[in-house]
$ cat upload-v7.txt   # compact mmCIF, C-alpha atoms
# COMPACT_ATOMS: atom_id res chain seq x y z
CA MET A 63 -57.16 -29.18 24.89
CA SER A 64 -53.84 -27.42 24.55
CA ALA A 65 -51.49 -28.45 21.80
CA LYS A 66 -48.29 -30.13 22.80
CA PRO A 67 -45.14 -28.23 21.96
CA ALA A 68 -43.41 -29.52 18.88
CA PRO A 69 -40.43 -31.68 19.75
CA ALA A 70 -37.04 -30.23 19.00
CA LYS A 71 -35.62 -31.42 15.76
CA PRO A 72 -32.93 -34.00 16.38
CA GLY A 73 -29.49 -32.73 15.57
CA SER A 74 -30.54 -29.03 15.45
CA ARG A 75 -28.60 -28.16 18.60
CA GLY A 76 -25.65 -30.18 17.37
CA GLY A 77 -25.77 -28.39 14.03
CA THR A 78 -25.77 -24.98 15.71
CA ALA A 79 -22.92 -26.01 17.98
CA GLY A 80 -20.97 -27.22 14.97
CA LEU A 81 -21.55 -23.94 13.13
CA LEU A 82 -20.51 -21.97 16.20
CA ALA A 83 -17.33 -24.01 16.57
CA SER A 84 -16.60 -23.61 12.85
CA HIS A 85 -17.17 -19.85 13.03
CA SER A 86 -14.94 -19.50 16.10
CA TRP A 87 -12.07 -21.57 14.74
CA LEU A 88 -12.19 -20.10 11.24
CA GLY A 89 -11.97 -16.64 12.74
CA LEU A 90 -9.34 -17.57 15.27
CA ILE A 91 -7.01 -19.26 12.79
CA ALA A 92 -7.10 -16.35 10.35
CA SER A 93 -7.47 -13.51 12.85
CA TRP A 94 -3.82 -12.59 13.40
CA VAL A 95 -3.01 -12.46 9.69
CA LEU A 96 -6.24 -10.63 8.85
CA PHE A 97 -5.73 -7.99 11.54
CA LEU A 98 -2.32 -7.03 10.11
CA VAL A 99 -3.61 -7.20 6.52
CA PHE A 100 -6.57 -4.90 7.21
CA LEU A 101 -4.47 -2.51 9.31
CA ALA A 102 -1.94 -2.13 6.48
CA GLY A 103 -4.80 -2.00 3.97
CA ALA A 104 -6.36 0.91 5.82
CA MET A 105 -3.11 2.87 5.45
CA THR A 106 -2.90 1.88 1.79
CA MET A 107 -6.01 4.01 1.22
CA PHE A 108 -3.72 7.03 1.72
CA LYS A 109 -0.70 5.66 -0.11
CA ARG A 110 -0.59 8.65 -2.46
CA GLU A 111 -0.71 11.16 0.41
CA VAL A 112 1.93 9.22 2.38
CA ASP A 113 4.24 9.15 -0.65
CA LEU A 114 3.79 12.89 -1.23
CA TRP A 115 4.38 13.65 2.46
CA GLU A 116 7.58 11.60 2.31
CA LYS A 117 9.04 12.73 -1.03
CA ALA A 118 7.28 15.88 -2.25
CA PRO A 119 5.54 17.58 0.70
CA ASP A 120 5.28 20.91 -1.15
CA TYR A 121 2.90 19.25 -3.62
CA LEU A 122 0.66 17.72 -0.91
CA GLY A 123 -2.84 19.16 -1.21
CA SER A 124 -1.99 21.08 -4.41
CA HIS A 125 -3.56 18.79 -7.00
CA SER A 126 -4.47 21.73 -9.23
CA ARG A 127 -0.81 22.51 -10.00
CA ALA A 128 0.39 21.35 -13.41
CA VAL A 129 2.74 18.37 -13.42
CA ALA A 130 6.11 18.37 -15.10
CA GLY A 131 6.22 17.03 -18.64
CA LEU A 132 7.43 13.49 -19.28
CA ASP A 133 9.81 14.76 -21.98
CA GLY A 134 11.82 16.62 -19.34
CA VAL A 135 11.74 13.63 -16.96
CA LEU A 136 13.07 11.29 -19.65
CA ALA A 137 15.75 13.81 -20.61
CA ALA A 138 16.97 13.61 -17.00
CA THR A 139 16.93 9.79 -17.07
CA GLN A 140 20.45 8.63 -17.81
CA VAL A 141 20.74 5.40 -19.80
CA PRO A 142 24.13 3.73 -19.16
CA ARG A 143 26.17 2.71 -22.18
CA GLU A 144 26.13 -0.95 -21.18
CA VAL A 145 22.33 -1.07 -21.73
CA ALA A 146 22.05 -2.53 -25.23
CA ASP A 147 18.26 -2.41 -25.73
CA PRO A 148 16.62 0.09 -23.33
CA HIS A 149 13.05 -0.56 -22.22
CA ILE A 150 11.44 2.15 -20.05
CA GLU A 151 8.25 1.86 -18.03
CA VAL A 152 6.84 5.05 -16.46
CA ILE A 153 4.03 5.30 -13.91
CA LEU A 154 2.55 8.77 -14.29
CA PRO A 155 1.56 11.03 -11.37
CA GLY A 156 -2.14 10.70 -10.64
CA ARG A 157 -4.31 7.70 -9.92
CA MET A 158 -1.53 5.11 -9.55
CA SER A 159 1.32 7.16 -8.13
CA ALA A 160 2.10 10.41 -6.33
CA TYR A 161 5.12 11.14 -8.52
CA TYR A 162 6.89 9.92 -11.65
CA GLN A 163 8.26 6.40 -11.28
CA VAL A 164 10.68 5.47 -14.06
CA PHE A 165 11.88 1.87 -14.44
CA LEU A 166 14.72 1.15 -16.85
CA TYR A 167 15.34 -2.39 -18.16
CA ASP A 168 17.69 -3.90 -20.70
CA ASP A 169 15.70 -6.24 -22.93
CA ALA A 170 18.99 -7.66 -24.18
CA GLY A 171 20.47 -8.12 -20.70
CA ASP A 172 19.69 -8.08 -16.98
CA PHE A 173 20.03 -4.35 -16.15
CA TYR A 174 17.35 -2.80 -13.92
CA ARG A 175 17.05 0.59 -12.23
CA ALA A 176 14.19 2.50 -10.59
CA THR A 177 14.13 6.31 -10.37
CA ALA A 178 11.59 8.78 -8.96
CA PHE A 179 10.93 12.37 -10.07
CA HIS A 180 9.04 15.24 -8.44
CA PRO A 181 5.56 15.61 -9.97
CA VAL A 182 5.79 19.42 -10.36
CA THR A 183 9.45 20.37 -10.66
CA GLY A 184 10.69 17.18 -12.35
CA ALA A 185 13.66 17.02 -9.96
CA GLN A 186 14.98 13.57 -9.10
CA LEU A 187 13.77 12.20 -5.76
CA PRO A 188 15.33 9.63 -3.39
CA ASP A 189 15.31 6.00 -4.47
CA PRO A 190 11.61 4.96 -4.44
CA GLU A 191 12.49 1.38 -3.51
CA ALA A 192 14.69 2.40 -0.58
CA THR A 193 12.41 4.94 1.10
CA GLY A 194 8.86 4.07 0.09
CA LEU A 195 6.62 4.11 3.17
CA GLY A 196 3.45 4.00 1.05
CA GLU A 197 4.92 1.14 -0.98
CA PHE A 198 5.78 -0.66 2.27
CA PHE A 199 2.14 -0.48 3.40
CA GLU A 200 0.89 -1.82 0.07
CA GLU A 201 3.36 -4.70 -0.13
CA PHE A 202 2.80 -5.61 3.53
CA HIS A 203 -0.93 -5.63 2.85
CA LYS A 204 -0.43 -8.01 -0.07
CA GLU A 205 2.13 -10.47 1.28
CA LEU A 206 3.29 -9.46 4.80
CA TYR A 207 6.87 -9.45 3.45
CA LEU A 208 7.02 -13.22 3.90
CA PRO A 209 8.14 -15.85 1.37
CA GLY A 210 4.92 -17.03 -0.25
CA GLY A 211 3.07 -14.49 1.89
CA HIS A 212 0.45 -13.80 -0.78
CA TYR A 213 -0.68 -17.43 -0.46
CA LEU A 214 -0.97 -17.01 3.31
CA VAL A 215 -3.06 -13.86 2.79
CA GLY A 216 -5.18 -15.70 0.23
CA VAL A 217 -5.90 -18.60 2.58
CA ALA A 218 -6.73 -16.18 5.42
CA SER A 219 -9.11 -14.28 3.10
CA LEU A 220 -10.82 -17.54 2.16
CA LEU A 221 -11.21 -18.48 5.84
CA MET A 222 -12.65 -15.01 6.48
CA PHE A 223 -15.20 -15.51 3.70
CA LEU A 224 -16.28 -18.85 5.19
CA GLY A 225 -16.36 -17.33 8.68
CA LEU A 226 -18.64 -14.52 7.47
CA LEU A 227 -21.07 -17.04 6.01
CA THR A 228 -21.19 -19.16 9.18
CA GLY A 229 -21.57 -16.04 11.34
CA LEU A 230 -24.43 -14.82 9.18
CA VAL A 231 -26.26 -18.15 9.46
CA LEU A 232 -25.71 -18.24 13.24
CA HIS A 233 -26.61 -14.71 14.27
CA TRP A 234 -29.00 -13.36 11.64
CA PRO A 235 -32.17 -14.93 13.20
CA LYS A 236 -31.28 -13.51 16.63
CA LEU A 237 -30.39 -9.95 15.59
CA SER A 238 -32.46 -6.90 16.48
CA LEU A 239 -32.11 -3.20 15.74
CA SER A 240 -31.55 -2.42 19.39
CA ALA A 241 -28.67 -4.91 19.59
CA LEU A 242 -27.12 -3.57 16.36
CA PHE A 243 -27.17 0.11 17.30
CA ALA A 244 -27.07 -0.03 21.12
CA PRO A 245 -24.47 -2.49 22.44
CA ARG A 246 -24.94 -3.44 26.09
CA TRP A 247 -21.82 -1.68 27.40
CA GLY A 248 -22.64 -2.40 31.05
CA LYS A 249 -22.34 -6.16 30.65
CA PRO A 250 -18.73 -7.21 30.03
CA ARG A 251 -19.21 -10.23 27.78
CA LEU A 252 -22.37 -9.00 26.04
CA ARG A 253 -20.81 -5.68 25.06
CA TRP A 254 -18.13 -7.44 23.02
CA LEU A 255 -20.72 -9.78 21.49
CA ASP A 256 -23.03 -6.90 20.53
CA LEU A 257 -20.17 -4.84 19.13
CA HIS A 258 -18.85 -7.85 17.20
CA ASN A 259 -22.27 -8.62 15.75
CA SER A 260 -22.97 -4.96 14.93
CA LEU A 261 -19.73 -4.49 13.03
CA GLY A 262 -20.15 -7.85 11.31
CA VAL A 263 -23.65 -7.06 10.04
CA LEU A 264 -23.41 -3.33 9.29
CA ALA A 265 -20.15 -3.72 7.36
CA LEU A 266 -21.05 -7.11 5.84
CA PRO A 267 -21.02 -5.97 2.17
CA PHE A 268 -17.53 -4.51 2.65
CA HIS A 269 -16.28 -7.62 4.43
CA LEU A 270 -17.63 -9.95 1.74
CA LEU A 271 -16.12 -7.79 -0.99
CA MET A 272 -12.70 -7.68 0.66
CA ALA A 273 -12.68 -11.39 1.49
CA PHE A 274 -13.72 -12.42 -2.02
CA THR A 275 -11.43 -10.08 -3.95
CA GLY A 276 -8.54 -10.72 -1.55
CA THR A 277 -8.88 -14.45 -2.10
CA VAL A 278 -8.96 -14.02 -5.89
CA PHE A 279 -5.93 -11.69 -5.97
CA SER A 280 -3.78 -13.67 -3.58
CA LEU A 281 -4.52 -17.02 -5.20
CA THR A 282 -4.51 -15.76 -8.81
CA LEU A 283 -1.25 -17.54 -9.60
CA LEU A 284 -2.62 -20.83 -8.30
CA LEU A 285 -5.86 -20.35 -10.27
CA GLN A 286 -3.87 -19.59 -13.42
CA VAL A 287 -1.75 -22.70 -12.95
CA LEU A 288 -4.89 -24.81 -12.58
CA MET A 289 -6.37 -23.26 -15.72
CA VAL A 290 -3.16 -23.68 -17.73
CA PHE A 291 -2.74 -27.34 -16.82
CA GLY A 292 -6.46 -28.05 -16.99
CA ARG A 293 -8.39 -26.32 -19.74
CA LEU A 294 -5.30 -25.09 -21.63
CA GLN A 295 -3.22 -28.31 -21.43
CA GLY A 296 -0.13 -26.48 -20.18
CA ASP A 297 -0.18 -23.69 -22.81
CA GLU A 298 -0.36 -20.35 -20.99
CA GLN A 299 -0.19 -18.16 -24.10
CA PRO A 300 -4.01 -17.92 -24.66
CA LEU A 301 -4.48 -16.83 -21.04
CA ARG A 302 -1.70 -14.22 -21.27
CA GLU A 303 -3.15 -12.79 -24.47
CA LEU A 304 -6.52 -12.33 -22.77
CA LEU A 305 -4.96 -10.39 -19.90
CA PHE A 306 -2.11 -8.67 -21.75
CA ALA A 307 -1.80 -7.67 -25.40
CA PRO A 308 1.08 -9.53 -27.11
CA PRO A 309 4.17 -7.42 -27.94
CA LEU A 310 4.44 -5.92 -31.40
CA PRO A 311 6.92 -7.73 -33.70
CA ILE A 312 9.27 -4.75 -34.02
CA GLU A 313 12.98 -5.41 -33.54
CA SER A 314 15.59 -2.83 -32.63
CA ALA A 315 17.26 -1.23 -35.68
CA HIS A 316 20.46 -0.54 -33.66
CA ALA A 317 20.50 2.94 -35.18
CA PRO A 318 19.88 6.06 -33.05
CA ALA A 319 17.14 8.47 -34.03
CA PRO A 320 15.62 11.57 -32.37
CA ALA A 321 12.21 10.97 -30.79
CA ARG A 322 9.09 13.08 -31.17
CA SER A 323 7.45 14.75 -28.18
CA ILE A 324 6.16 11.96 -25.95
CA ASP A 325 3.89 14.39 -24.07
CA ALA A 326 2.16 15.23 -27.36
CA LEU A 327 1.54 11.55 -28.14
CA ILE A 328 0.17 10.95 -24.64
CA SER A 329 -2.20 13.89 -25.06
CA LYS A 330 -3.24 12.58 -28.49
CA ALA A 331 -4.06 9.12 -27.12
CA SER A 332 -5.99 10.62 -24.20
CA GLN A 333 -8.18 12.83 -26.41
CA GLN A 334 -8.67 10.35 -29.25
CA TRP A 335 -9.67 7.40 -27.08
CA ASP A 336 -11.21 9.30 -24.14
CA MET A 337 -9.01 7.76 -21.47
CA GLU A 338 -6.94 8.93 -18.51
CA PRO A 339 -3.26 7.97 -19.06
CA VAL A 340 -1.77 6.18 -16.06
CA ARG A 341 1.31 4.43 -17.46
CA VAL A 342 3.52 4.46 -20.56
CA SER A 343 5.93 1.88 -22.01
CA ILE A 344 8.80 2.74 -24.36
CA LEU A 345 10.59 -0.11 -26.12
CA HIS A 346 13.94 0.29 -27.93
CA TYR A 347 14.27 3.75 -26.33
CA GLY A 348 16.58 6.01 -28.37
CA ASP A 349 16.47 3.65 -31.36
CA ARG A 350 15.05 4.38 -34.81
CA ASN A 351 12.44 1.65 -34.23
CA ALA A 352 11.43 2.90 -30.76
CA TRP A 353 7.72 2.76 -30.00
CA LEU A 354 5.50 4.07 -27.24
CA THR A 355 2.42 2.51 -25.63
CA VAL A 356 0.05 4.66 -23.57
CA HIS A 357 -2.04 2.73 -21.01
CA GLY A 358 -5.10 4.42 -19.53
CA HIS A 359 -8.49 4.11 -17.84
CA GLY A 360 -11.64 4.98 -19.78
CA HIS A 361 -13.41 8.11 -18.53
CA GLY A 362 -16.79 7.45 -16.93
CA SER A 363 -16.09 3.74 -16.55
CA LEU A 364 -15.42 1.72 -13.42
CA ALA A 365 -12.72 -0.45 -14.90
CA GLN A 366 -12.30 -0.20 -18.66
CA VAL A 367 -8.64 0.00 -19.61
CA GLY A 368 -7.17 0.68 -23.02
CA GLN A 369 -3.88 1.31 -24.76
CA ALA A 370 -2.54 2.98 -27.87
CA SER A 371 0.90 2.38 -29.46
CA TYR A 372 2.85 4.78 -31.72
CA ARG A 373 6.20 4.89 -33.49
CA LEU A 374 8.35 7.52 -31.81
CA ASP A 375 10.16 8.70 -34.93
CA THR A 376 7.04 9.45 -37.02
CA GLY A 377 4.12 9.35 -34.54
CA GLU A 378 2.44 6.69 -36.72
CA PRO A 379 -0.21 4.64 -34.86
CA LEU A 380 0.79 0.99 -34.56
CA ARG A 381 -2.03 -0.56 -32.55
CA THR A 382 -5.02 0.67 -30.56
CA LEU A 383 -7.04 -1.25 -27.99
CA PRO A 384 -9.70 1.28 -26.91
CA PRO A 385 -11.24 0.97 -23.43
CA HIS A 386 -14.64 -0.13 -24.73
CA ALA A 387 -13.07 -3.08 -26.57
CA ILE A 388 -11.55 -4.76 -23.51
CA ASN A 389 -12.22 -8.51 -23.21
CA ALA A 390 -14.34 -9.94 -20.41
CA LEU A 391 -11.47 -11.53 -18.44
CA ALA A 392 -9.31 -8.40 -18.38
CA HIS A 393 -12.35 -6.24 -17.61
CA GLY A 394 -13.38 -8.50 -14.72
CA ASN A 395 -9.85 -8.48 -13.29
CA GLU A 396 -9.76 -4.66 -13.42
CA VAL A 397 -13.23 -4.35 -11.86
CA LEU A 398 -12.18 -6.51 -8.90
CA HIS A 399 -8.94 -4.56 -8.49
CA ARG A 400 -10.63 -1.16 -8.39
CA LEU A 401 -13.40 -2.38 -6.09
CA HIS A 402 -10.79 -3.79 -3.71
CA TYR A 403 -8.73 -0.58 -3.53
CA GLY A 404 -11.62 1.88 -3.84
CA ASP A 405 -9.76 4.16 -6.26
CA PHE A 406 -12.79 4.96 -8.42
CA GLY A 407 -14.67 7.35 -6.12
CA GLY A 408 -12.20 9.99 -4.94
CA PHE A 409 -11.00 10.89 -1.47
CA GLY A 410 -14.41 10.44 0.19
CA LEU A 411 -14.67 6.80 -0.83
CA ARG A 412 -11.10 6.09 0.28
CA LEU A 413 -11.94 7.61 3.67
CA ILE A 414 -14.98 5.30 3.97
CA TYR A 415 -12.79 2.31 3.04
CA PHE A 416 -10.27 3.40 5.70
CA LEU A 417 -12.94 3.58 8.43
CA LEU A 418 -14.41 0.23 7.38
CA ALA A 419 -10.96 -1.40 7.42
CA ILE A 420 -10.35 -0.10 10.96
CA ALA A 421 -13.81 -1.35 11.94
CA THR A 422 -12.80 -4.77 10.61
CA CYS A 423 -9.73 -4.71 12.87
CA VAL A 424 -12.08 -4.04 15.81
CA LEU A 425 -14.33 -6.90 14.62
CA ILE A 426 -11.36 -9.29 14.66
CA ALA A 427 -10.15 -8.10 18.08
CA THR A 428 -13.60 -8.45 19.67
CA GLY A 429 -13.97 -11.94 18.19
CA ASN A 430 -10.72 -12.99 19.84
CA LEU A 431 -11.80 -11.35 23.12
CA LEU A 432 -15.04 -13.35 23.09
CA TRP A 433 -13.16 -16.59 22.53
CA LEU A 434 -10.61 -15.83 25.26
CA GLU A 435 -13.14 -14.65 27.87
CA LYS A 436 -15.23 -17.78 27.44
CA ARG A 437 -12.19 -20.06 27.96
CA LEU A 438 -10.83 -18.01 30.86
CA SER A 439 -14.11 -18.45 32.74
CA GLN A 440 -13.85 -22.27 32.56
CA ARG A 441 -12.49 -24.25 35.48
CA VAL A 442 -10.28 -26.34 33.27
CA ARG A 443 -8.64 -24.03 30.81
CA PRO A 444 -7.73 -25.55 27.44
CA ARG A 445 -4.12 -26.07 26.49
CA GLY A 446 -2.62 -23.43 24.26
CA LEU A 447 -4.74 -20.64 25.77
CA ARG A 448 -1.61 -18.63 26.57
CA TRP A 449 -0.44 -18.99 22.98
CA VAL A 450 -3.77 -17.70 21.66
CA ALA A 451 -3.75 -14.79 24.11
CA GLY A 452 -0.14 -13.95 23.28
CA LEU A 453 -0.71 -14.05 19.54
CA SER A 454 -3.84 -11.91 19.89
CA VAL A 455 -2.04 -9.28 21.94
CA GLY A 456 1.02 -9.45 19.71
CA ALA A 457 -0.84 -9.12 16.41
CA CYS A 458 -3.49 -6.60 17.51
CA GLY A 459 -1.63 -4.57 20.09
CA GLY A 460 1.77 -4.97 18.44
CA GLY A 461 0.40 -4.00 15.03
CA MET A 462 -1.10 -0.80 16.38
CA LEU A 463 2.11 0.02 18.28
CA ALA A 464 4.24 -0.56 15.19
CA LEU A 465 1.96 1.66 13.09
CA ALA A 466 2.09 4.42 15.67
CA THR A 467 5.87 4.16 15.84
$ encode --input "upload-v7.txt" --output "structure tokens"
Amino acid sequence: MSAKPAPAKPGSRGGTAGLLASHSWLGLIASWVLFLVFLAGAMTMFKREVDLWEKAPDYLGSHSRAVAGLDGVLAATQVPREVADPHIEVILPGRMSAYYQVFLYDDAGDFYRATAFHPVTGAQLPDPEATGLGEFFEEFHKELYLPGGHYLVGVASLLMFLGLLTGLVLHWPKLSLSALFAPRWGKPRLRWLDLHNSLGVLALPFHLLMAFTGTVFSLTLLLQVLMVFGRLQGDEQPLRELLFAPPLPIESAHAPAPARSIDALISKASQQWDMEPVRVSILHYGDRNAWLTVHGHGHGSLAQVGQASYRLDTGEPLRTLPPHAINALAHGNEVLHRLHYGDFGGFGLRLIYFLLAIATCVLIATGNLLWLEKRLSQRVRPRGLRWVAGLSVGACGGGMLALAT
């Protein structure tokens, strides 16, 4: 006597249909923002090369050449007389920048100026904020140059994360190696489905990483506000001290004094604390009480950051926060940042990130194609179909055209 087939579980088809609808709409709502974000993010992988090509093409590909000393760069940085208490921040050539970026503030006023200097010759370059193509890619990736754009990117990243989870639940039981590595190109609708599923599964770790870290970065301000007004009862100082060391209580003496060699102090901090200097801060520049802070990444570490502060007139150490002593919150924030931008593995890793980001753009485009083709084949086409098609073509095709231009 043959066994009767087990009856279908009630609600199983409805649950699958609900997941499919959720996956489609989550992807569709976020798709246009995500396509532009990932396209700009792919170019951000080569921000350093783009900046060098734009401002110092003779240094492009010549990483072995010695960079100009910071002492000479600062000597060429003119501090106007109206600046009462100069504060200088310098991003050093290397991991974070292709050239010297010098930012001058007045801690006693509202003066601000940004200057760029050639990494080898030390010559002044065009205004980095007026002609920064690499900077444009990075800022567009973060906030699309829209008011509150980082919140929009954060919400889109969160929707992407949810869409990945629903897609995984839907398609994982039905996947096969042949479908992953051999899309059915001869069948119009199936080829897009196979390609979409293949890219979604093969690049899933990258997609999850980007969606999670993108959500955290873009919504950090909101998370901090919730923490401040929740656990910290409106007092943000404990949170700031975990992420940033509090300033030293040293006031300006309002008396000029010659400074020691800043390059020598940077070298001292690098050797003593085994870290790669990436940024320096100079408070009360030109004053007798001026002091220097060297910020750097620990060698051999994914995301340990440290800093060392010195008096500029005597070279006396004021405070050291070595990379191995970083607190858990700051360390976690740095880990997420370096994982998101892939700047811990050299050019090869950045190239892999670039290819995966472009693959994500293809994933988004094929998802929209699947949605559109299904609705176009229906007798009664849903309202708003033209808007969806127009936005898809505008974001995907227009984004590629703008990048090419």
$ residues_around --input "upload-v7.txt" --residues "A:Val215" --least-positions-apart "6" --cutoff "9 Å" --atoms "all atoms listed in the file" --output "number ranges by chain"
A: 92, 95-96, 99, 203-206, 276-277, 280-281
$ residues_near_point --input "upload-v7.txt" --point "(-14.3, -6.6, 4.8)" --cutoff "12 Å" --atoms "all atoms listed in the file" --output "NGL selection string"
:A and (96-97 or 99-101 or 103-104 or 219-220 or 222-223 or 225-226 or 261-277 or 401-403 or 414-426)
$ axis_aligned_box --input "upload-v7.txt" --around "stretch 373-376 of chain A" --padding-each-side "8 Å" --output "JSON"
{"center_x": 8.2, "center_y": 7.2, "center_z": -34.4, "size_x": 20.0, "size_y": 20.6, "size_z": 21.2}
$ closest_residue --input "upload-v7.txt" --among "A:Leu214, A:Ala392, A:Val342, A:Leu383" --to "A:Ile328" --atoms "all atoms listed in the file"
A:Val342
$ residues_near_point --input "upload-v7.txt" --point "(9.5, 3.2, -22.1)" --cutoff "6 Å" --atoms "only C-alpha atoms" --output "list of chain:residue names"
A:His149, A:Ile150, A:Glu151, A:Ser343, A:Ile344, A:Leu345
$ write_last_selection --input "upload-v7.txt" --atoms "C-alpha atoms" --output "mmCIF file, in the coordinates of the input"
data_model
loop_
_atom_site.group_PDB
_atom_site.id
_atom_site.type_symbol
_atom_site.label_atom_id
_atom_site.label_comp_id
_atom_site.auth_asym_id
_atom_site.auth_seq_id
_atom_site.Cartn_x
_atom_site.Cartn_y
_atom_site.Cartn_z
ATOM 1 C CA HIS A 149 13.050 -0.560 -22.220
ATOM 2 C CA ILE A 150 11.440 2.150 -20.050
ATOM 3 C CA GLU A 151 8.250 1.860 -18.030
ATOM 4 C CA SER A 343 5.930 1.880 -22.010
ATOM 5 C CA ILE A 344 8.800 2.740 -24.360
ATOM 6 C CA LEU A 345 10.590 -0.110 -26.120
#
$ closest_residue --input "upload-v7.txt" --among "A:Leu398, A:Met158, A:Pro318, A:Tyr347" --to "A:Val145" --atoms "only C-alpha atoms"
A:Tyr347
